[in-house]
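Raw contents of start-v2.pdb, PDB, C-alpha atoms:
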```pdb
MODEL        1
ATOM      1  CA  PRO L   1       8.333  -4.216  23.170  1.00  0.00           C
ATOM      2  CA  ARG L   2       4.789  -4.874  22.046  1.00  0.00           C
ATOM      3  CA  PHE L   3       3.925  -5.462  18.429  1.00  0.00           C
ATOM      4  CA  ARG L   4       0.750  -5.669  16.433  1.00  0.00           C
ATOM      5  CA  THR L   5      -0.643  -8.377  14.226  1.00  0.00           C
ATOM      6  CA  ARG L   6      -1.874  -7.198  10.859  1.00  0.00           C
ATOM      7  CA  SER L   7      -5.593  -7.810  10.661  1.00  0.00           C
ATOM      8  CA  ARG L   8      -6.000  -6.739   7.058  1.00  0.00           C
ATOM      9  CA  THR L   9      -5.320  -9.714   4.836  1.00  0.00           C
ATOM     10  CA  MET L  10      -5.690  -9.101   1.134  1.00  0.00           C
ATOM     11  CA  GLU L  11      -4.457 -11.014  -1.848  1.00  0.00           C
ATOM     12  CA  ALA L  12      -1.062  -9.764  -2.955  1.00  0.00           C
ATOM     13  CA  PRO L  13      -1.140  -7.795  -6.220  1.00  0.00           C
ATOM     14  CA  ARG L  14       0.433  -9.714  -9.084  1.00  0.00           C
ATOM     15  CA  THR L  15       0.389  -7.514 -12.185  1.00  0.00           C
ATOM     16  CA  VAL L  16       2.066  -4.161 -12.750  1.00  0.00           C
ATOM     17  CA  GLU L  17      -1.343  -2.510 -12.828  1.00  0.00           C
ATOM     18  CA  ASP L  18      -2.385  -4.170  -9.575  1.00  0.00           C
ATOM     19  CA  VAL L  19       0.831  -3.168  -7.813  1.00  0.00           C
ATOM     20  CA  PHE L  20       0.449   0.426  -8.994  1.00  0.00           C
ATOM     21  CA  ASP L  21      -3.172   0.542  -7.813  1.00  0.00           C
ATOM     22  CA  ASN L  22      -2.016  -0.797  -4.430  1.00  0.00           C
ATOM     23  CA  PHE L  23       0.744   1.816  -4.300  1.00  0.00           C
ATOM     24  CA  ASN L  24      -1.622   4.641  -5.204  1.00  0.00           C
ATOM     25  CA  ALA L  25      -4.262   3.657  -2.643  1.00  0.00           C
ATOM     26  CA  ARG L  26      -1.650   3.492   0.125  1.00  0.00           C
ATOM     27  CA  ARG L  27      -0.253   6.822  -1.077  1.00  0.00           C
ATOM     28  CA  GLU L  28      -3.689   8.445  -0.919  1.00  0.00           C
ATOM     29  CA  GLY L  29      -4.136   7.231   2.647  1.00  0.00           C
ATOM     30  CA  LEU L  30      -0.783   8.668   3.694  1.00  0.00           C
ATOM     31  CA  ILE L  31      -1.546  11.985   2.017  1.00  0.00           C
ATOM     32  CA  LYS L  32      -4.805  12.248   3.958  1.00  0.00           C
ATOM     33  CA  ALA L  33      -2.995  11.508   7.217  1.00  0.00           C
ATOM     34  CA  LEU L  34      -0.465  14.277   6.612  1.00  0.00           C
ATOM     35  CA  THR L  35      -2.759  16.912   5.083  1.00  0.00           C
ATOM     36  CA  THR L  36      -6.532  16.999   5.532  1.00  0.00           C
ATOM     37  CA  GLU L  37      -6.488  14.683   8.569  1.00  0.00           C
ATOM     38  CA  ASN L  38      -3.188  15.759  10.079  1.00  0.00           C
ATOM     39  CA  SER L  39      -4.760  16.904  13.358  1.00  0.00           C
ATOM     40  CA  SER L  40      -5.977  13.378  14.061  1.00  0.00           C
ATOM     41  CA  PHE L  41      -2.634  11.950  12.951  1.00  0.00           C
ATOM     42  CA  TYR L  42      -0.756  14.375  15.189  1.00  0.00           C
ATOM     43  CA  ASP L  43      -2.865  13.466  18.222  1.00  0.00           C
ATOM     44  CA  GLN L  44      -2.374   9.723  17.672  1.00  0.00           C
ATOM     45  CA  CYS L  45       1.419  10.088  17.603  1.00  0.00           C
ATOM     46  CA  ASP L  46       1.767  10.501  21.351  1.00  0.00           C
ATOM     47  CA  PRO L  47       5.483  10.583  22.277  1.00  0.00           C
ATOM     48  CA  ASP L  48       4.649   8.792  25.539  1.00  0.00           C
ATOM     49  CA  LYS L  49       3.486   5.702  23.650  1.00  0.00           C
ATOM     50  CA  GLU L  50       5.730   2.946  22.353  1.00  0.00           C
ATOM     51  CA  ASN L  51       7.311   2.909  18.888  1.00  0.00           C
ATOM     52  CA  LEU L  52       4.618   3.838  16.386  1.00  0.00           C
ATOM     53  CA  CYS L  53       4.467   3.632  12.594  1.00  0.00           C
ATOM     54  CA  LEU L  54       2.254   5.309   9.991  1.00  0.00           C
ATOM     55  CA  TYR L  55       0.693   2.813   7.589  1.00  0.00           C
ATOM     56  CA  GLY L  56      -1.099   3.547   4.356  1.00  0.00           C
ATOM     57  CA  ASN L  57      -3.586   0.777   3.634  1.00  0.00           C
ATOM     58  CA  PRO L  58      -4.562  -0.673   0.239  1.00  0.00           C
ATOM     59  CA  ASP L  59      -8.143   0.539   0.743  1.00  0.00           C
ATOM     60  CA  GLY L  60      -7.024   4.179   0.853  1.00  0.00           C
ATOM     61  CA  THR L  61      -7.145   4.544   4.634  1.00  0.00           C
ATOM     62  CA  TRP L  62      -4.318   5.148   7.086  1.00  0.00           C
ATOM     63  CA  GLU L  63      -3.520   4.071  10.620  1.00  0.00           C
ATOM     64  CA  VAL L  64      -0.957   4.714  13.325  1.00  0.00           C
ATOM     65  CA  GLN L  65       0.031   1.407  14.854  1.00  0.00           C
ATOM     66  CA  LEU L  66       2.769  -0.597  16.511  1.00  0.00           C
ATOM     67  CA  PRO L  67       5.060  -2.442  14.095  1.00  0.00           C
ATOM     68  CA  ALA L  68       4.034  -5.846  12.790  1.00  0.00           C
ATOM     69  CA  GLU L  69       4.647  -8.822  15.055  1.00  0.00           C
ATOM     70  CA  GLU L  70       5.996 -11.117  12.346  1.00  0.00           C
ATOM     71  CA  VAL L  71       9.779 -11.417  12.062  1.00  0.00           C
ATOM     72  CA  PRO L  72      10.617 -10.983   9.292  1.00  0.00           C
ATOM     73  CA  PRO L  73       7.500  -8.922   8.569  1.00  0.00           C
ATOM     74  CA  GLU L  74       5.036  -9.821   5.841  1.00  0.00           C
ATOM     75  CA  LEU L  75       5.845  -6.529   4.078  1.00  0.00           C
ATOM     76  CA  PRO L  76       8.589  -3.902   4.441  1.00  0.00           C
ATOM     77  CA  GLU L  77       7.843  -1.781   7.500  1.00  0.00           C
ATOM     78  CA  PRO L  78       7.560   2.028   7.591  1.00  0.00           C
ATOM     79  CA  ALA L  79       9.775   4.221   9.754  1.00  0.00           C
ATOM     80  CA  LEU L  80       9.635   3.171  13.398  1.00  0.00           C
ATOM     81  CA  GLY L  81       9.103   5.580  16.283  1.00  0.00           C
ATOM     82  CA  ILE L  82       7.761   8.590  14.380  1.00  0.00           C
ATOM     83  CA  ASN L  83       5.966   9.682  17.556  1.00  0.00           C
ATOM     84  CA  PHE L  84       9.198  10.225  19.475  1.00  0.00           C
ATOM     85  CA  ALA L  85      10.242  13.159  17.264  1.00  0.00           C
ATOM     86  CA  ARG L  86       6.853  14.873  17.271  1.00  0.00           C
ATOM     87  CA  ASP L  87       7.427  17.378  20.065  1.00  0.00           C
ATOM     88  CA  GLY L  88      11.099  17.964  19.332  1.00  0.00           C
ATOM     89  CA  MET L  89      10.523  19.600  15.937  1.00  0.00           C
ATOM     90  CA  GLN L  90       8.387  22.255  14.332  1.00  0.00           C
ATOM     91  CA  ARG L  91       5.116  20.636  13.319  1.00  0.00           C
ATOM     92  CA  LYS L  92       5.593  21.292   9.606  1.00  0.00           C
ATOM     93  CA  ASP L  93       9.135  19.890   9.728  1.00  0.00           C
ATOM     94  CA  TRP L  94       7.971  16.783  11.538  1.00  0.00           C
ATOM     95  CA  LEU L  95       5.203  16.202   8.994  1.00  0.00           C
ATOM     96  CA  ALA L  96       7.707  16.669   6.167  1.00  0.00           C
ATOM     97  CA  LEU L  97      10.053  14.131   7.766  1.00  0.00           C
ATOM     98  CA  VAL L  98       7.242  11.596   8.024  1.00  0.00           C
ATOM     99  CA  ALA L  99       6.293  12.320   4.401  1.00  0.00           C
ATOM    100  CA  VAL L 100       9.812  11.583   3.138  1.00  0.00           C
ATOM    101  CA  HIS L 101       9.937   8.318   5.091  1.00  0.00           C
ATOM    102  CA  SER L 102       6.466   7.461   3.792  1.00  0.00           C
ATOM    103  CA  ASP L 103       7.604   7.926   0.193  1.00  0.00           C
ATOM    104  CA  ALA L 104      10.524   5.578   0.803  1.00  0.00           C
ATOM    105  CA  TRP L 105       8.213   3.006   2.375  1.00  0.00           C
ATOM    106  CA  LEU L 106       5.764   3.164  -0.550  1.00  0.00           C
ATOM    107  CA  MET L 107       8.577   2.420  -2.994  1.00  0.00           C
ATOM    108  CA  ALA L 108       9.809  -0.453  -0.825  1.00  0.00           C
ATOM    109  CA  VAL L 109       6.363  -2.064  -0.701  1.00  0.00           C
ATOM    110  CA  ALA L 110       5.767  -1.607  -4.431  1.00  0.00           C
ATOM    111  CA  PHE L 111       9.047  -3.203  -5.444  1.00  0.00           C
ATOM    112  CA  TYR L 112       8.643  -5.929  -2.836  1.00  0.00           C
ATOM    113  CA  TYR L 113       5.486  -6.916  -4.707  1.00  0.00           C
ATOM    114  CA  GLY L 114       7.312  -6.425  -7.995  1.00  0.00           C
ATOM    115  CA  ALA L 115      10.358  -8.514  -7.065  1.00  0.00           C
ATOM    116  CA  LYS L 116       9.477 -11.175  -9.630  1.00  0.00           C
ATOM    117  CA  PHE L 117       8.786  -8.725 -12.450  1.00  0.00           C
ATOM    118  CA  ASP L 118      11.174  -8.666 -15.389  1.00  0.00           C
ATOM    119  CA  ALA L 119      13.111  -5.548 -16.405  1.00  0.00           C
ATOM    120  CA  LYS L 120      10.365  -4.178 -18.669  1.00  0.00           C
ATOM    121  CA  GLU L 121       7.698  -4.688 -16.028  1.00  0.00           C
ATOM    122  CA  ARG L 122       9.838  -3.002 -13.357  1.00  0.00           C
ATOM    123  CA  GLU L 123      10.443  -0.080 -15.677  1.00  0.00           C
ATOM    124  CA  LYS L 124       6.723   0.189 -16.402  1.00  0.00           C
ATOM    125  CA  LEU L 125       5.967   0.129 -12.683  1.00  0.00           C
ATOM    126  CA  PHE L 126       8.540   2.806 -11.928  1.00  0.00           C
ATOM    127  CA  LYS L 127       7.243   5.072 -14.699  1.00  0.00           C
ATOM    128  CA  SER L 128       3.684   4.704 -13.417  1.00  0.00           C
ATOM    129  CA  ILE L 129       4.788   5.548  -9.878  1.00  0.00           C
ATOM    130  CA  ASN L 130       6.971   8.423 -11.037  1.00  0.00           C
ATOM    131  CA  SER L 131       4.065   9.960 -12.945  1.00  0.00           C
ATOM    132  CA  MET L 132       2.395  10.746  -9.612  1.00  0.00           C
ATOM    133  CA  PRO L 133       3.546  13.409  -7.156  1.00  0.00           C
ATOM    134  CA  THR L 134       5.195  12.096  -4.023  1.00  0.00           C
ATOM    135  CA  VAL L 135       3.636  12.456  -0.599  1.00  0.00           C
ATOM    136  CA  TYR L 136       6.286  15.066   0.196  1.00  0.00           C
ATOM    137  CA  GLU L 137       5.521  17.056  -2.962  1.00  0.00           C
ATOM    138  CA  VAL L 138       1.826  17.158  -2.077  1.00  0.00           C
ATOM    139  CA  LEU L 139       2.486  18.080   1.557  1.00  0.00           C
ATOM    140  CA  SER L 140       4.864  20.890   0.587  1.00  0.00           C
ATOM    141  CA  GLY L 141       2.431  22.304  -1.978  1.00  0.00           C
ATOM    142  CA  LYS L 142       4.630  21.566  -4.979  1.00  0.00           C
ATOM    143  CA  ALA L 143       1.935  19.377  -6.538  1.00  0.00           C
ATOM    144  CA  SER L 144      -1.699  18.419  -6.085  1.00  0.00           C
ATOM    145  CA  ALA L 145      -2.565  14.991  -4.687  1.00  0.00           C
ATOM    146  CA  GLY L 146      -4.281  13.414  -7.671  1.00  0.00           C
ATOM    147  CA  LYS L 147      -2.619  15.190 -10.571  1.00  0.00           C
ATOM    148  CA  PRO L 148       0.029  13.240 -12.506  1.00  0.00           C
ATOM    149  CA  LYS L 149       3.281  15.052 -13.149  1.00  0.00           C
ATOM    150  CA  ALA L 150       3.299  16.936 -16.430  1.00  0.00           C
ATOM    151  CA  ASN L 151       5.120  15.226 -19.282  1.00  0.00           C
ATOM    152  CA  LYS L 152       7.200  17.999 -20.807  1.00  0.00           C
ATOM    153  CA  LYS L 153       9.002  17.700 -24.114  1.00  0.00           C
ATOM    154  CA  ALA L 154      12.229  15.762 -23.797  1.00  0.00           C
ATOM    155  CA  ALA L 155      14.269  18.064 -26.005  1.00  0.00           C
ATOM    156  CA  ALA L 156      13.846  20.857 -23.494  1.00  0.00           C
ATOM    157  CA  ALA L 157      15.100  18.606 -20.715  1.00  0.00           C
ATOM    158  CA  THR L 158      12.029  19.053 -18.613  1.00  0.00           C
ATOM    159  CA  ALA L 159      12.231  16.259 -16.073  1.00  0.00           C
ATOM    160  CA  PRO L 160      12.032  17.871 -12.615  1.00  0.00           C
ATOM    161  CA  ALA L 161      14.620  15.976 -10.623  1.00  0.00           C
ATOM    162  CA  LYS L 162      17.650  16.144  -8.390  1.00  0.00           C
ATOM    163  CA  LYS L 163      21.146  15.090  -9.165  1.00  0.00           C
ATOM    164  CA  ALA L 164      22.008  11.494  -8.371  1.00  0.00           C
ATOM    165  CA  ARG L 165      24.562  12.459  -5.699  1.00  0.00           C
ATOM    166  CA  MET L 166      22.005  13.641  -3.164  1.00  0.00           C
ATOM    167  CA  ASP L 167      24.540  14.619  -0.518  1.00  0.00           C
ATOM    168  CA  ASP L 168      26.012  17.280  -2.821  1.00  0.00           C
ATOM    169  CA  LEU L 169      22.760  19.195  -3.298  1.00  0.00           C
ATOM    170  CA  PRO L 170      20.298  21.017  -1.073  1.00  0.00           C
ATOM    171  CA  VAL L 171      16.823  19.484  -0.854  1.00  0.00           C
ATOM    172  CA  VAL L 172      15.369  22.533  -2.618  1.00  0.00           C
ATOM    173  CA  THR L 173      16.609  21.184  -5.962  1.00  0.00           C
ATOM    174  CA  ALA L 174      13.752  18.659  -5.871  1.00  0.00           C
ATOM    175  CA  ALA L 175      11.519  21.603  -6.652  1.00  0.00           C
ATOM    176  CA  GLY L 176      14.009  23.425  -8.829  1.00  0.00           C
ATOM    177  CA  LEU L 177      15.880  26.669  -8.388  1.00  0.00           C
ATOM    178  CA  ARG L 178      14.707  30.156  -9.275  1.00  0.00           C
ATOM    179  CA  LYS L 179      18.202  31.067 -10.438  1.00  0.00           C
ATOM    180  CA  PRO L 180      20.954  28.845 -11.825  1.00  0.00           C
ATOM    181  CA  SER L 181      23.873  27.908  -9.581  1.00  0.00           C
ATOM    182  CA  PRO L 182      27.319  29.452 -10.130  1.00  0.00           C
ATOM    183  CA  GLY L 183      28.663  28.353 -13.491  1.00  0.00           C
ATOM    184  CA  PHE L 184      28.077  29.427 -17.091  1.00  0.00           C
ATOM    185  CA  ILE L 185      25.329  29.160 -19.698  1.00  0.00           C
ATOM    186  CA  LEU L 186      26.527  26.959 -22.535  1.00  0.00           C
ATOM    187  CA  PRO L 187      26.277  28.725 -25.932  1.00  0.00           C
ATOM    188  CA  ALA L 188      24.718  26.935 -28.904  1.00  0.00           C
ATOM    189  CA  ASP L 189      28.109  26.314 -30.505  1.00  0.00           C
ATOM    190  CA  GLY L 190      29.893  25.704 -27.210  1.00  0.00           C
ATOM    191  CA  ASN L 191      32.612  23.131 -26.685  1.00  0.00           C
ATOM    192  CA  LEU L 192      31.001  19.942 -25.431  1.00  0.00           C
ATOM    193  CA  ASN L 193      34.087  18.999 -23.445  1.00  0.00           C
ATOM    194  CA  ALA L 194      32.745  21.279 -20.739  1.00  0.00           C
ATOM    195  CA  LEU L 195      29.910  18.805 -20.272  1.00  0.00           C
ATOM    196  CA  ASN L 196      32.105  15.785 -19.621  1.00  0.00           C
ATOM    197  CA  ASN L 197      30.865  14.266 -16.325  1.00  0.00           C
ATOM    198  CA  ALA L 198      29.498  17.683 -15.444  1.00  0.00           C
ATOM    199  CA  ARG L 199      26.692  18.659 -13.151  1.00  0.00           C
ATOM    200  CA  ILE L 200      24.277  20.760 -15.150  1.00  0.00           C
ATOM    201  CA  GLU L 201      21.013  22.593 -14.615  1.00  0.00           C
ATOM    202  CA  LEU L 202      18.294  22.658 -17.229  1.00  0.00           C
ATOM    203  CA  PHE L 203      15.707  25.401 -17.468  1.00  0.00           C
ATOM    204  CA  TRP L 204      12.026  24.427 -17.490  1.00  0.00           C
ATOM    205  CA  PRO L 205      10.185  27.235 -19.337  1.00  0.00           C
ATOM    206  CA  ASP L 206       6.765  26.143 -18.125  1.00  0.00           C
ATOM    207  CA  ASP L 207       7.475  27.041 -14.507  1.00  0.00           C
ATOM    208  CA  GLY L 208      10.607  29.190 -14.831  1.00  0.00           C
ATOM    209  CA  MET L 209      12.754  26.843 -12.725  1.00  0.00           C
ATOM    210  CA  TRP L 210      16.175  25.207 -13.136  1.00  0.00           C
ATOM    211  CA  TYR L 211      16.514  21.460 -12.485  1.00  0.00           C
ATOM    212  CA  SER L 212      19.706  19.566 -11.765  1.00  0.00           C
ATOM    213  CA  ALA L 213      21.076  16.540 -13.631  1.00  0.00           C
ATOM    214  CA  GLU L 214      24.399  14.837 -14.249  1.00  0.00           C
ATOM    215  CA  VAL L 215      25.955  14.173 -17.660  1.00  0.00           C
ATOM    216  CA  VAL L 216      26.912  10.511 -17.946  1.00  0.00           C
ATOM    217  CA  SER L 217      28.026  10.394 -21.604  1.00  0.00           C
ATOM    218  CA  LEU L 218      28.570  12.633 -24.616  1.00  0.00           C
ATOM    219  CA  ASN L 219      28.225  12.156 -28.364  1.00  0.00           C
ATOM    220  CA  ASN L 220      30.321  14.913 -29.949  1.00  0.00           C
ATOM    221  CA  ARG L 221      29.329  13.969 -33.489  1.00  0.00           C
ATOM    222  CA  ALA L 222      25.596  14.145 -32.787  1.00  0.00           C
ATOM    223  CA  ARG L 223      26.140  16.935 -30.250  1.00  0.00           C
ATOM    224  CA  SER L 224      23.950  15.134 -27.748  1.00  0.00           C
ATOM    225  CA  ALA L 225      24.344  14.153 -24.106  1.00  0.00           C
ATOM    226  CA  LYS L 226      22.910  11.416 -21.959  1.00  0.00           C
ATOM    227  CA  VAL L 227      21.909  12.751 -18.544  1.00  0.00           C
ATOM    228  CA  LEU L 228      20.907  11.073 -15.319  1.00  0.00           C
ATOM    229  CA  TYR L 229      18.219  12.399 -12.998  1.00  0.00           C
ATOM    230  CA  ALA L 230      17.862  11.496  -9.333  1.00  0.00           C
ATOM    231  CA  THR L 231      14.646   9.658 -10.162  1.00  0.00           C
ATOM    232  CA  GLY L 232      16.780   7.184 -12.099  1.00  0.00           C
ATOM    233  CA  ASP L 233      15.535   8.427 -15.466  1.00  0.00           C
ATOM    234  CA  VAL L 234      18.143   8.579 -18.215  1.00  0.00           C
ATOM    235  CA  GLU L 235      17.501  10.917 -21.122  1.00  0.00           C
ATOM    236  CA  THR L 236      19.390  11.809 -24.308  1.00  0.00           C
ATOM    237  CA  LEU L 237      19.261  15.520 -25.057  1.00  0.00           C
ATOM    238  CA  SER L 238      19.954  17.613 -28.125  1.00  0.00           C
ATOM    239  CA  ILE L 239      22.521  20.045 -26.747  1.00  0.00           C
ATOM    240  CA  ASP L 240      22.359  22.611 -29.550  1.00  0.00           C
ATOM    241  CA  GLU L 241      18.587  22.937 -29.302  1.00  0.00           C
ATOM    242  CA  ILE L 242      18.652  23.506 -25.560  1.00  0.00           C
ATOM    243  CA  ALA L 243      21.744  25.723 -25.595  1.00  0.00           C
ATOM    244  CA  ALA L 244      20.283  27.903 -28.363  1.00  0.00           C
ATOM    245  CA  GLU L 245      17.517  28.861 -25.926  1.00  0.00           C
ATOM    246  CA  GLY L 246      20.024  29.553 -23.131  1.00  0.00           C
ATOM    247  CA  HIS L 247      18.546  26.752 -21.073  1.00  0.00           C
ATOM    248  CA  LEU L 248      21.669  24.810 -20.085  1.00  0.00           C
ATOM    249  CA  ASN L 249      23.810  25.891 -17.167  1.00  0.00           C
ATOM    250  CA  VAL L 250      27.129  24.131 -16.560  1.00  0.00           C
ATOM    251  CA  CYS L 251      27.685  24.281 -12.808  1.00  0.00           C
ATOM    252  CA  ASP L 252      31.025  25.006 -11.205  1.00  0.00           C
ATOM    253  CA  GLN L 253      32.639  21.815  -9.919  1.00  0.00           C
TER     254      GLN L 253
ENDMDL
END
```
As structure tokens, the full file:
Amino acid sequence: PRFRTRSRTMEAPRTVEDVFDNFNARREGLIKALTTENSSFYDQCDPDKENLCLYGNPDGTWEVQLPAEEVPPELPEPALGINFARDGMQRKDWLALVAVHSDAWLMAVAFYYGAKFDAKEREKLFKSINSMPTVYEVLSGKASAGKPKANKKAAAATAPAKKARMDDLPVVTAAGLRKPSPGFILPADGNLNALNNARIELFWPDDGMWYSAEVVSLNNRARSAKVLYATGDVETLSIDEIAAEGHLNVCDQ
């Protein structure tokens, strides 16, 4: 197979801020390819051509190209052969598939650059990245391209996320559910044993949606719970405050 040689040589970002700026510029390029410039992107992904990849560049542009020639490559490579699936799927489904792979690639590149960061720097990088909507969220209309995710109050358990065990949940939980799943709403004075290792859904009043999380530990004395979101965020919640508003659903196992 033929490969390409990367012609764009730029100094590797070294600080958390530089890596995030690099991530965001590449992200903006990918968003343009899949939204406002998707007709051009679609035409370039000819299934009769060899394996093609979608690259977001650090100058905010995008390109459809053959994979890099270097082995191992200079950077993690995006999904290979996106053109082969183009005509075998609905257009919107194909674009969504490319968007999901693009999000994974962006994270891989960012943490490749951040491999030498310490724990605090990696956490700072992740929080900066997680404050921005993903390519998939923008493509699907769940968020606007340049608007950071809203920072809702922690006590109301407002992080929009999926449960860590992705194979147990439908993809729709990334955007929340209009109605809670089968289970029961925990009362304010409810027995916390029901939350032990439970899958729960937390109501977000601002958009009227339920978001999934998993309880990883309980503090019966403080009546609080530590929950894990699919984003990797861990949050300690005041159970009585949330339950008093009827905003905590304990899902059937």
Could you pull out every residue with an atom within 9 Å of (3.0, 7.3, -10.6), file coordinates, counting all atoms listed in the file, and send them as an mmCIF file with C-alpha atoms, in the frame of the given file?
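Listed below is the output, selection_14.cif:
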```cif
data_model
loop_
_atom_site.group_PDB
_atom_site.id
_atom_site.type_symbol
_atom_site.label_atom_id
_atom_site.label_comp_id
_atom_site.auth_asym_id
_atom_site.auth_seq_id
_atom_site.Cartn_x
_atom_site.Cartn_y
_atom_site.Cartn_z
ATOM 1 C CA PHE L 20 0.449 0.426 -8.994
ATOM 2 C CA PHE L 23 0.744 1.816 -4.300
ATOM 3 C CA ASN L 24 -1.622 4.641 -5.204
ATOM 4 C CA LEU L 125 5.967 0.129 -12.683
ATOM 5 C CA PHE L 126 8.540 2.806 -11.928
ATOM 6 C CA LYS L 127 7.243 5.072 -14.699
ATOM 7 C CA SER L 128 3.684 4.704 -13.417
ATOM 8 C CA ILE L 129 4.788 5.548 -9.878
ATOM 9 C CA ASN L 130 6.971 8.423 -11.037
ATOM 10 C CA SER L 131 4.065 9.960 -12.945
ATOM 11 C CA MET L 132 2.395 10.746 -9.612
ATOM 12 C CA PRO L 133 3.546 13.409 -7.156
ATOM 13 C CA THR L 134 5.195 12.096 -4.023
ATOM 14 C CA PRO L 148 0.029 13.240 -12.506
ATOM 15 C CA LYS L 149 3.281 15.052 -13.149
#
```
Which residues come within 8 Å of L:Arg86, counting only C-alpha atoms, excluding same-chain residues fewer than 5 positions away, as a PyMOL selection string? chain L and resi 42+45-47+91+94
Residue contacts of stretch 113-124 of chain L (9 Å, all atoms listed in the file) excluding same-chain residues fewer than 3 positions away, as a ChimeraX atom specification: /L:12-16,19,75,108-110,127-129
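Atom pair atom CA of L:Thr35 / atom CA of L:Glu63: separated by 14.0 Å.
Coordinates place atom CA of L:Ala99 at a distance of 26.8 Å from atom CA of L:Leu202.
Note that atom CA of L:Leu237 and atom CA of L:Arg223 are 8.7 Å apart.
Using only C-alpha atoms for every distance, the candidate list L:Asn249, L:Asn219, L:Thr61, L:Ser238 yields L:Asn249 as the residue closest to L:Trp204.
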Expected selection from the PyMOL selection byres ((chain L and resi 36-39) around 12), given as a PyMOL selection string: chain L and resi 28-35+40-45+54+61-64+91-92+94-96+98-99+138-139+145
Selected residue, from L:Ile239, L:Ala222, L:Ile200, L:Ala213, that lies nearest to L:Cys251 when counting all atoms listed in the file: L:Ile200
So that I can check the surroundings of L:Gln253, please list as a compact mmCIF listing (two decimals) with C-alpha atoms, in the frame of the given file every protein, DNA and RNA residue that reaches within 9 Å of it, counting all atoms listed in the file and ignoring chain neighbours fewer than 2 positions away.
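Final file, selection_38.txt:
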```txt
# COMPACT_ATOMS: atom_id res chain seq x y z
CA GLY L 183 28.66 28.35 -13.49
CA ALA L 198 29.50 17.68 -15.44
CA ARG L 199 26.69 18.66 -13.15
CA VAL L 250 27.13 24.13 -16.56
CA CYS L 251 27.68 24.28 -12.81
```
